[in-house]
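K.L.:
Would you mind keeping the following structure in view while I ask a few things?
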Amino acid sequence: MESIVDLDQLATLPGYEHVESEDVYAALDEAGRFLSEVVAPTNTVGDTEGISMRDDGSVTVPEQIAAAYRQLVEAGWPAVTGDPEYGGHGFPGVMATAFQEMLTASNMAFSLCPMLTTSAVEAFQHHGSDELKAVYLEKLITGEWTGTMALTEPEAGSDVGALRAKAWPEDDGTWRVQGTKIYITWGDHEMADNIVHFVLARAPEAPPGTKGISLFLVPKYLVNPDGTLGEKNDVECVGVEHKLGIHASPTCVMAYGEQTGAVAYLVGEVNAGMRCMFTMMNDARLHVGLEGLGLSVRAYQLALAYAQERRQGRAIGAPKDQASPIIEHPDVRRMLMTMKANIEAMRALILDTSAAGDRSAHAGDEADRVAASNRAALLTPIAKAWATDVGVELTSLGIQIHGGMGFVEETGAAQHWRDSRIAPIYEGTNGIQAMDLVMRKLPLAGGAVVADYMAEMEATAEALVAAGDGAAAMGTALQEAVGRLRESTEWLLAAEPVDALAGATPYLRQFGVVAGGYYSSRMALAALHRLESEDDPWLRAKVDTARFYMDQILPQGAGAVPAVVAGGEQLFAVGIDLLD
């Protein structure tokens, strides 16, 4: 972490004065122990038992899952980055990011509940009134109550502007909400005393599209003036989805206000709901990128252990009378190194994006906050989309390393792939992330944000070249890759919209691959510097992993260029009636 994120520098920012890097690393060590002992064992149970829905509409999860959640809350982990004024510990977001990776690797379906609650807290802290915060915020930060993000409707899908849920004001200052939402993750359960839904709906006389959407807080149970829970709100789960993976996560169809209208509270201003929700979604998008990373880590750990134990065939140079561990075969080693190198690159990208978010919120200088905010905006769609696409590929490689046993559920390898497949769809599909990158993020500050980031890459490449020996070849490879990325970027910035959108997805892939090479190079430089004074096998492995990335993975970036600049004509050359 230290070669990507300067924790000591973050600790100098306003609000983080109490943070010591030693405390962060000690806490993460303890988190690793807690998660491996308490949460990781629930992964298979959650997958095989799944969730159930009673006749009264209530949703249950396996008791082992519920017990793990209670222990998570009791140990204080959901409150790591929360505002100390409301029961949080006030640590930087990068610490929560590192924790969330381990939590996701332990049990992704389980991790979605605290993850969405954290994102709801983020939106609520920025846009909620002081009166609402006094009632709800501490319980959400500690995880005693959980939060959901209720956007999607049956007819709207990713087109949020087409939603039909409606809201109307009451004389007592509250609102009522009525509508149906689908795909609501952890929309109902009994692990927490209350569930706080953040629901998008239209107020009376709202303009069409996204400009007419407002955000409302809709609790499952109303809260009495003394803070105790009152009667149940007009909120019901009317169905649960049967999914490819994440079986322990209730994905609910939620009906709000079918009887009298669900009691709701406006968050932010009327018709400003999308601005509020994007605060929540941007936080969630980075966490979804972590899902690709976390599942890749668990798949790698399982595949590595299997490859060391499974004996089949005879490796080159091995004795003729015995089978070799499959880890000795070049193709298996290639797959393992592909997983390892991509995992380290993804982790660095996500940590860097998270650190930019910390600086955007806490830097003392306005110019620094703006620069950090722009950097986080640029990197978030890449961290979300590239990491989740690669996550699907790496969990598939985990199955491949197991061979036929990977296709058998008992080994657990298949679950990681099944669980990972939702991540490229979550929080705006990866095609939407690519569109966002090309149409909104590349033009930031007249193209200066992406230009500055590429200049950073080039500076790292020059440092590698200057280091000489094997490092010089890595530097040259990175220089060439950044040059091709610059070529694609300039073409997209000058292209017509349809041509830019046609190249958006291969461009995001190119950007992710090159960014991975950049972070691999930074880690290699840091390791090489330390190797000047200490001979550490772990450090040498860092350099060798980076060299593998630069030789075996980075060339894929240049391979995407023809698809990026091909334009949109060929996508529509075959008529709809001839696509069958």
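Ordering of the structure tokens sets the chain letters (A, B, ...); residue numbers start at 1 within each chain; ligands are numbered from 1 in the order shown.
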Per residue of region 412-511 of chain A within 12 Å of region 147-164 of chain A, note the shortest atom pair and the distance in Å to one decimal, counting only C-alpha atoms, and order the rows by chain and increasing residue number, as CSV.

P.N.:
```
residue,atom,partner,partner_atom,distance
A:Ile425,CA,A:Ser158,CA,9.9
A:Tyr426,CA,A:Ser158,CA,10.0
A:Glu427,CA,A:Ser158,CA,8.9
A:Gly428,CA,A:Ser158,CA,6.7
A:Thr429,CA,A:Ser158,CA,8.1
A:Asn430,CA,A:Ser158,CA,11.5
A:Gly431,CA,A:Ser158,CA,11.0
A:Ile432,CA,A:Ser158,CA,8.9
A:Gln433,CA,A:Ser158,CA,11.8
```

K.L.:
As a VMD selection string, please: the residues near Glu241 (chain A) (cut-off 8 Å, only C-alpha atoms, same-chain neighbours under 6 positions excluded).

P.N.:
chain A and resid 183 250 to 253

K.L.:
Give me, please, the distance in Å between CA of Ala192 (chain A) and CA of Pro424 (chain A), quoted to one decimal.

P.N.:
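Computed distance, CA of Ala192 (chain A) to CA of Pro424 (chain A), equals 28.2 Å.
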
K.L.:
Would you pick out the contacts of Leu394 (chain A) at 7 Å or less, using only C-alpha atoms, so that residues sharing its chain but fewer than 4 positions from it are not included, and give the list as an NGL selection string?

P.N.:
:A and (296 or 339 or 390 or 398)

K.L.:
Neighbours of Met435 (chain A) within 12 Å (only C-alpha atoms; same-chain residues fewer than 2 positions away dropped), as JSON, numbers by chain?

P.N.:
{"A": [381, 382, 385, 428, 429, 430, 431, 432, 433, 437, 438, 439, 440, 441, 442, 492, 497, 498, 499, 500, 501, 502, 503, 504, 505, 506, 507, 508]}

K.L.:
Which residues, written as a list in words, have at least one atom at most 8 Å from region 80-88 of chain A, with only C-alpha atoms counted and residues fewer than 5 positions away on the same chain left out?

P.N.:
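My list of contacting residues is Gly93, Met95, Ala96, Leu137, Glu138, Ile141 and Thr142 of chain A.
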
K.L.:
Can you tell me how far CA of Arg314 (chain A) sits from CA of Met405 (chain A), in Å to one decimal?

P.N.:
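Between these atoms lies a distance of 19.5 Å.
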
K.L.:
Write out as a PyMOL selection string which residues come within 6 Å of region 193-204 of chain A when counting only C-alpha atoms, dropping same-chain ones fewer than 4 positions away.

P.N.:
chain A and resi 145-151+165-168+213-220
